[in-house]
Each structure stands twice: as C-alpha cells, then as structure tokens.
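**Student:** The structure follows.
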Amino acid sequence: MMQRPLDLDAVEAFVRVAELESFTRAAEAMQTSQAAVSLKLKRLEDRLGCRLLERTPRYVELSAQGAAFLDHGRALLAAHERALAALGEAPQRLAIGISDHVAGPELPALIARMNAQDPQLLIDIRIGSSGDLLQSFDRRELDAAMVRMHAGRSDGEVLAEERFGWFAAPHWQHRAGAPLPLATLAEPCGVRAMAGKLLDAAAIPWREVFVGGGVAAVSAAVVAGLGVAALAPRMLPWGAVDVGARLGLPALPSLPVVLHSRAPDGRPSDAIAALSAAFRSAVRG
C-alpha cells in the first residue's frame with residue numbers, strides 16, 4: 001500500500017529551522033508563528049517516526065536522523081519548485097539594495113538563503129550607501145532596501161542593532177601630536193558623518209587619509225596600517241584591533257539595521273522574509 005505523502009509545509013519548517021538554527025527565525029522566514037512552526041515539525045517527526053531536532057532553551061541542533069534527512073528535505077522542496085516552474089509562470093524580479101556597511105561577509109549566505117526560498121525568482125542586488133539606496137527606494141527603483149538607520153526617517157523595520165568601534169592594524173601607532181588619520185567611505189556615508197561629528201565634539205583633530213568606494217577597500221586600508229576606521233566588528237579584516245580606549249576616542253553608538261520594503265505579496269514578500277530572518281540569524285551568530 002502506498003504510504004501517506006509528506007507534508008511539504010512541514011518539510012519546509014524543518015529545513016528552515018535546521019538552516020537558521022532557530023524556531024523564531026524560521027517563523028519569520030515563513031511569515032508565521034513560532035507555535036505553528038513547532039506544530040509542523042512535530043507533525044513531520046510523527047510521520048517519520050523519529051526525532052529530527054534536539055531542542056534546549058539555548059540551542060537547536062540536528063539529531064542523527066535529522067542530519068540524514070536534511071538533504072532529502074531540501075531536494076524535495078527543490079523538486080516542488082521545479083514542478084511549479086514547469087507550468088510556465090513568468091519569472092518575477094526582486095530588486096534589493098543593501099548598504100555597504102550592512103553587506104558584510106554574510107552576503108553570500110543571504111543570497112543563497114533567498115535563492116533556496118525561491119530558485120525561480122530573479123534577484124537583483126545593489127550595494128551602495130544608505131542615503132543613495134533610500135533615494136532609489138523612494139523613487140521605486142528598489143523593492144526593498146536594507147540600510148543603516150538614516151537621520152530624519154522613522155519608517156522601516158529594525159532587524160538588528162550593531163555596535164561600532166575604532167579599529168586599526170595591530171602594529172599601527174598614532175604619532176603623538178598628529179591629527180588622527182581616518183580611513184572612511186566616500187560621501188554620503190552616515191557612519192563617516194557620525195565619526196567626524198563625534199571627534200569634533202570631543203575636540204580631537206583628525207584628517208582623512210583614505211577614502212574607499214566600499215567597506216572592503218576601507219578594511220584593506222586598515223590592514224595596510226594607514227589609520228583608524230569606524231567599523232562594526234563583523235566587518236573587520238583579520239587581525240584588526242579596537243584602539244578607541246587606548247587613544248581616548250569617543251564611544252561610538254550602536255546603529256540599527258533597518259529594512260524598508262514594498263515587495264508585493266507572494267513570492268517576493270516570502271523572499272524578503274527569508275532574507276530578514278537569515279540576516280538576524282547571521283548577526284546573532
């Protein structure tokens with residue numbers, strides 16, 4: 001007798017929890033409640049007759065059976081997407097702007113997460129300054145923008161708060177009496193403006209010694225020993241150290257990462273939800 005087929009929603013719930021290591025993040029990605037995700041997972045475990053995930057108040061991890069089933073679950077979801085695509089539905093495009101101060105080393109994983117959510121969706125990612133991306137979003141050139149909190153705006157959904165520090169190469173030394181050498185992003189950059197205002201308020205002389213077209217270029221200047229840069233720790237190049245306390249520099253505030261979205265309901269909205277959940281999970285990690 002043919003066995004009862006697996007519930008695709010339950011399989012998706014398992015895969016999302018396994019990948020994001022969190023029931024909360026999986027619920028965000030699926031745009032449902034944590035209780036609904038738990039119920040779906042229990043239904044799948046009852047159907048398979050085994051425990052797929054080990055849960056404690058502090059972590060979620062795969063059981064041996066869950067690890068064995070994960071690739072099969074992913075393949076089942078991918079086959080489902082291919083079957084739907086075979087019906088000839090017109091491809092949809094999703095244009096997303098991500099601030100260079102937000103698009104850190106997690107960017108490949110975030111893109112992979114959106115692609116896994118909907119392999120048939122055409123994803124257009126644009127990297128730039130928060131100010132420029134918000135202008136593009138307001139002109140409706142972007143469906144969504146993931147940026148640093150921008151002065152004068154209170155709209156958008158806060159995804160995370162990230163602290164900043166003053167970072168330099170471990171061998172770098174500040175020459176006594178000289179202005180503080182700064183490596184910054186080109187204008188307009190909210191982090192650059194914030195750093196300059198704080199130094200001015202503390203009466204600390206400074207000068208720009210390097211202006212980069214992206215955080216990767218600024219990080220390279222830090223590693224090369226050109227000076228100090230205001231960066232979030234997850235953006236740091238290997239070996240960089242926080243020199244703020246040693247130099248008596250003003251404390252940098254935590255800055256929110258904000259999502260602005262007008263993605264239409266359906267596949268684009270689902271992809272944005274997956275992106276948001278994956279970003280929260282990456283920053284938490």
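In the structure tokens, the first chain shown is A, the next is B, and so on; residue numbers restart at 1 for each chain, and ligands run from 1 in the order shown.
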Tell me, as number ranges by chain, which residues lie within 8 Å of Leu121 (chain A), counting only C-alpha atoms; anything in the same chain fewer than 5 positions away does not count.
**Tutor:** A: 91-94, 115, 267-268
**Student:** Keeping only C-alpha atoms, write those residues as a compact mmCIF listing (two decimals), in the first residue's frame.
**Tutor:**
```
# COMPACT_ATOMS: atom_id res chain seq x y z
CA PRO A 91 9.70 34.96 -13.77
CA GLN A 92 9.49 37.71 -11.15
CA ARG A 93 12.26 40.19 -10.45
CA LEU A 94 13.15 41.42 -6.96
CA ASN A 115 17.63 31.53 -3.76
CA ARG A 267 6.99 35.08 -3.80
CA PRO A 268 8.83 38.45 -3.49
```
**Student:** Would you kindly return, as a PDB file with all heavy atoms, in the first residue's frame, each protein, DNA or RNA residue with an atom no farther than 9 Å from any atom of region 200-204 of chain A, considering only C-alpha atoms and excluding same-chain residues fewer than 2 positions away?
**Tutor:**
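The resulting file, selection.pdb, is shown below:
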```pdb
ATOM      1  N   PRO A 179      47.151  64.843  13.798  1.00  0.00           N
ATOM      2  CA  PRO A 179      45.712  64.565  13.709  1.00  0.00           C
ATOM      3  C   PRO A 179      45.471  63.060  13.530  1.00  0.00           C
ATOM      4  O   PRO A 179      46.296  62.358  12.931  1.00  0.00           O
ATOM      5  CB  PRO A 179      45.273  65.353  12.469  1.00  0.00           C
ATOM      6  CG  PRO A 179      46.331  66.383  12.264  1.00  0.00           C
ATOM      7  CD  PRO A 179      47.606  65.767  12.750  1.00  0.00           C
ATOM      8  N   LEU A 180      44.355  62.586  14.032  1.00  0.00           N
ATOM      9  CA  LEU A 180      44.013  61.172  13.906  1.00  0.00           C
ATOM     10  C   LEU A 180      43.755  60.840  12.432  1.00  0.00           C
ATOM     11  O   LEU A 180      42.876  61.441  11.810  1.00  0.00           O
ATOM     12  CB  LEU A 180      42.769  60.861  14.734  1.00  0.00           C
ATOM     13  CG  LEU A 180      42.317  59.403  14.742  1.00  0.00           C
ATOM     14  CD1 LEU A 180      43.268  58.556  15.583  1.00  0.00           C
ATOM     15  CD2 LEU A 180      40.888  59.288  15.279  1.00  0.00           C
ATOM     16  N   ALA A 195      31.186  59.592  12.703  1.00  0.00           N
ATOM     17  CA  ALA A 195      32.534  59.551  13.272  1.00  0.00           C
ATOM     18  C   ALA A 195      33.140  60.955  13.324  1.00  0.00           C
ATOM     19  O   ALA A 195      33.732  61.356  14.334  1.00  0.00           O
ATOM     20  CB  ALA A 195      33.411  58.615  12.440  1.00  0.00           C
ATOM     21  N   GLY A 196      32.996  61.714  12.247  1.00  0.00           N
ATOM     22  CA  GLY A 196      33.545  63.066  12.218  1.00  0.00           C
ATOM     23  C   GLY A 196      32.921  63.972  13.264  1.00  0.00           C
ATOM     24  O   GLY A 196      33.618  64.740  13.947  1.00  0.00           O
ATOM     25  N   LYS A 197      31.588  63.880  13.426  1.00  0.00           N
ATOM     26  CA  LYS A 197      30.903  64.726  14.416  1.00  0.00           C
ATOM     27  C   LYS A 197      31.346  64.390  15.837  1.00  0.00           C
ATOM     28  O   LYS A 197      31.539  65.285  16.666  1.00  0.00           O
ATOM     29  CB  LYS A 197      29.392  64.545  14.275  1.00  0.00           C
ATOM     30  CG  LYS A 197      28.804  65.214  13.039  1.00  0.00           C
ATOM     31  CD  LYS A 197      27.302  64.963  12.945  1.00  0.00           C
ATOM     32  CE  LYS A 197      26.729  65.605  11.691  1.00  0.00           C
ATOM     33  NZ  LYS A 197      25.267  65.320  11.557  1.00  0.00           N
ATOM     34  N   LEU A 198      31.511  63.119  16.141  1.00  0.00           N
ATOM     35  CA  LEU A 198      31.928  62.721  17.490  1.00  0.00           C
ATOM     36  C   LEU A 198      33.352  63.191  17.786  1.00  0.00           C
ATOM     37  O   LEU A 198      33.650  63.644  18.894  1.00  0.00           O
ATOM     38  CB  LEU A 198      31.814  61.204  17.645  1.00  0.00           C
ATOM     39  CG  LEU A 198      30.389  60.648  17.743  1.00  0.00           C
ATOM     40  CD1 LEU A 198      30.407  59.126  17.710  1.00  0.00           C
ATOM     41  CD2 LEU A 198      29.712  61.135  19.016  1.00  0.00           C
ATOM     42  N   TRP A 206      41.483  65.473  13.417  1.00  0.00           N
ATOM     43  CA  TRP A 206      41.523  64.301  12.559  1.00  0.00           C
ATOM     44  C   TRP A 206      41.628  64.746  11.107  1.00  0.00           C
ATOM     45  O   TRP A 206      41.342  65.874  10.762  1.00  0.00           O
ATOM     46  CB  TRP A 206      40.286  63.422  12.763  1.00  0.00           C
ATOM     47  CG  TRP A 206      38.979  64.109  12.466  1.00  0.00           C
ATOM     48  CD1 TRP A 206      38.271  64.948  13.288  1.00  0.00           C
ATOM     49  CD2 TRP A 206      38.225  64.028  11.243  1.00  0.00           C
ATOM     50  NE1 TRP A 206      37.123  65.401  12.668  1.00  0.00           N
ATOM     51  CE2 TRP A 206      37.062  64.836  11.418  1.00  0.00           C
ATOM     52  CE3 TRP A 206      38.400  63.354  10.034  1.00  0.00           C
ATOM     53  CZ2 TRP A 206      36.110  64.981  10.416  1.00  0.00           C
ATOM     54  CZ3 TRP A 206      37.440  63.489   9.039  1.00  0.00           C
ATOM     55  CH2 TRP A 206      36.319  64.298   9.232  1.00  0.00           C
ATOM     56  N   LEU A 249      39.379  57.831  22.346  1.00  0.00           N
ATOM     57  CA  LEU A 249      38.415  58.277  21.344  1.00  0.00           C
ATOM     58  C   LEU A 249      36.994  58.159  21.893  1.00  0.00           C
ATOM     59  O   LEU A 249      36.723  57.303  22.746  1.00  0.00           O
ATOM     60  CB  LEU A 249      38.565  57.456  20.062  1.00  0.00           C
ATOM     61  CG  LEU A 249      39.955  57.476  19.414  1.00  0.00           C
ATOM     62  CD1 LEU A 249      39.972  56.620  18.165  1.00  0.00           C
ATOM     63  CD2 LEU A 249      40.376  58.911  19.097  1.00  0.00           C
ATOM     64  N   PRO A 250      36.069  58.981  21.416  1.00  0.00           N
ATOM     65  CA  PRO A 250      34.687  58.921  21.921  1.00  0.00           C
ATOM     66  C   PRO A 250      34.026  57.597  21.561  1.00  0.00           C
ATOM     67  O   PRO A 250      34.286  57.020  20.494  1.00  0.00           O
ATOM     68  CB  PRO A 250      34.001  60.098  21.214  1.00  0.00           C
ATOM     69  CG  PRO A 250      34.834  60.357  19.995  1.00  0.00           C
ATOM     70  CD  PRO A 250      36.244  60.034  20.389  1.00  0.00           C
TER      71      PRO A 250
END
```
**Student:** Which polymer residues have any atom within 7 Å of an atom of Pro188 (chain A), counting only C-alpha atoms, with same-chain residues fewer than 2 positions away left out, as an NGL selection string?
**Tutor:** :A and (129 or 131 or 186 or 190)
**Student:** With only C-alpha atoms as the atoms that count, which of A:Leu185, A:Val257, A:Ala245, A:Leu53 lies nearest to Ile98 (chain A)?
**Tutor:** A:Val257
**Student:** Out of A:Val215, A:Val228, A:Ala10, A:Leu41, which residue has the shortest atom-to-atom distance to Asp242 (chain A) when counting only C-alpha atoms?
**Tutor:**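 That would be A:Val228, the residue with the smallest distance to Asp242 (chain A).
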**Student:** In terms of the shortest atom-to-atom distance over only C-alpha atoms, which of A:Ala240, A:Leu62, A:Leu252, A:Leu77 is closest to Pro170 (chain A)?
**Tutor:** A:Ala240
**Student:** Could you tell me, as a VMD selection string, which residues of region 132-216 of chain A DSSP assigns to strand (DSSP E or B) when given the backbone?
**Tutor:** chain A and resid 144 to 148 157 to 162 165 to 168 180 to 185 206 to 212
**Student:** Using C-alpha atoms, can you export the residues from the last selection as a PDB file, in the first residue's frame?
**Tutor:**
```pdb
ATOM      1  CA  ALA A 144      13.458  46.702  -0.648  1.00  0.00           C
ATOM      2  CA  ALA A 145      16.441  48.366   0.992  1.00  0.00           C
ATOM      3  CA  MET A 146      18.473  47.076   3.943  1.00  0.00           C
ATOM      4  CA  VAL A 147      20.323  50.077   5.354  1.00  0.00           C
ATOM      5  CA  ARG A 148      21.649  51.770   8.455  1.00  0.00           C
ATOM      6  CA  GLU A 157      11.595  47.526  10.349  1.00  0.00           C
ATOM      7  CA  VAL A 158      14.610  47.322  12.659  1.00  0.00           C
ATOM      8  CA  LEU A 159      16.365  43.990  12.028  1.00  0.00           C
ATOM      9  CA  ALA A 160      19.294  44.322  14.428  1.00  0.00           C
ATOM     10  CA  GLU A 161      21.410  46.730  16.471  1.00  0.00           C
ATOM     11  CA  GLU A 162      25.165  46.617  15.851  1.00  0.00           C
ATOM     12  CA  GLY A 165      34.367  50.595  17.275  1.00  0.00           C
ATOM     13  CA  TRP A 166      37.555  52.390  16.203  1.00  0.00           C
ATOM     14  CA  PHE A 167      39.717  49.743  14.529  1.00  0.00           C
ATOM     15  CA  ALA A 168      43.308  49.721  13.314  1.00  0.00           C
ATOM     16  CA  LEU A 180      44.013  61.172  13.906  1.00  0.00           C
ATOM     17  CA  PRO A 181      44.284  59.554  10.441  1.00  0.00           C
ATOM     18  CA  LEU A 182      40.907  58.162   9.316  1.00  0.00           C
ATOM     19  CA  ALA A 183      40.002  55.681   6.601  1.00  0.00           C
ATOM     20  CA  THR A 184      36.393  56.259   5.534  1.00  0.00           C
ATOM     21  CA  LEU A 185      33.822  55.545   2.895  1.00  0.00           C
ATOM     22  CA  TRP A 206      41.523  64.301  12.559  1.00  0.00           C
ATOM     23  CA  ARG A 207      42.106  64.075   8.838  1.00  0.00           C
ATOM     24  CA  GLU A 208      41.068  61.664   6.123  1.00  0.00           C
ATOM     25  CA  VAL A 209      43.980  59.656   4.776  1.00  0.00           C
ATOM     26  CA  PHE A 210      41.963  57.176   2.718  1.00  0.00           C
ATOM     27  CA  VAL A 211      38.538  57.277   1.073  1.00  0.00           C
ATOM     28  CA  GLY A 212      37.252  53.937  -0.190  1.00  0.00           C
TER      29      GLY A 212
END
```
**Student:** For a quick check of understanding, using only C-alpha atoms, which of A:Asp270, A:Glu19, A:Glu106, A:Asp118 has the smallest distance to His80 (chain A)?
**Tutor:**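 Selected residue with least distance to His80 (chain A): A:Asp118.
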**Student:** Sorted by chain and rising residue number, list the residues of region 40-96 of chain A at most 7 Å from region 12-15 of chain A (counting only C-alpha atoms), each with its closest atom pair and distance in Å to one decimal, as a tab-separated table.
**Tutor:**
```
residue	atom	partner	partner_atom	distance
A:Lys40	CA	A:Ala13	CA	6.5
A:Leu41	CA	A:Phe14	CA	5.9
A:Leu70	CA	A:Val15	CA	6.6
A:Gly73	CA	A:Val15	CA	6.7
A:Arg74	CA	A:Val15	CA	6.8
```
**Student:** Would you mind exporting the chosen residues as a short mmCIF file (atom, residue, chain, number, x, y, z; two decimals), in the first residue's frame, restricted to N, CA, C and O atoms?
**Tutor:**
```cif
data_model
loop_
_atom_site.label_atom_id
_atom_site.label_comp_id
_atom_site.auth_asym_id
_atom_site.auth_seq_id
_atom_site.Cartn_x
_atom_site.Cartn_y
_atom_site.Cartn_z
N LYS A 40 4.17 22.10 12.95
CA LYS A 40 4.52 21.47 11.68
C LYS A 40 5.66 20.46 11.88
O LYS A 40 5.64 19.36 11.31
N LEU A 41 6.66 20.85 12.67
CA LEU A 41 7.79 19.96 12.90
C LEU A 41 7.36 18.70 13.63
O LEU A 41 7.79 17.59 13.30
N LEU A 70 18.08 15.93 6.15
CA LEU A 70 18.12 17.33 5.72
C LEU A 70 18.30 17.47 4.21
O LEU A 70 17.55 18.21 3.56
N GLY A 73 15.19 16.51 2.45
CA GLY A 73 14.17 17.54 2.59
C GLY A 73 14.40 18.69 1.63
O GLY A 73 13.46 19.19 0.99
N ARG A 74 15.67 19.13 1.52
CA ARG A 74 16.00 20.21 0.58
C ARG A 74 15.68 19.79 -0.85
O ARG A 74 15.14 20.57 -1.64
#
```
**Student:** What are the DSSP helix (DSSP H, G or I) residues of region 10-54 of chain A, as a PyMOL selection string?
**Tutor:** chain A and resi 10-20+23-30+34-48
**Student:** So which residues touch Ser154 (chain A) within 12 Å, counting only C-alpha atoms, skipping near sequence neighbours fewer than 4 positions away, as a list in words?
**Tutor:** Arg148, Met149, His150, Val158, Pro256, Val258, Leu259 and His260 of chain A
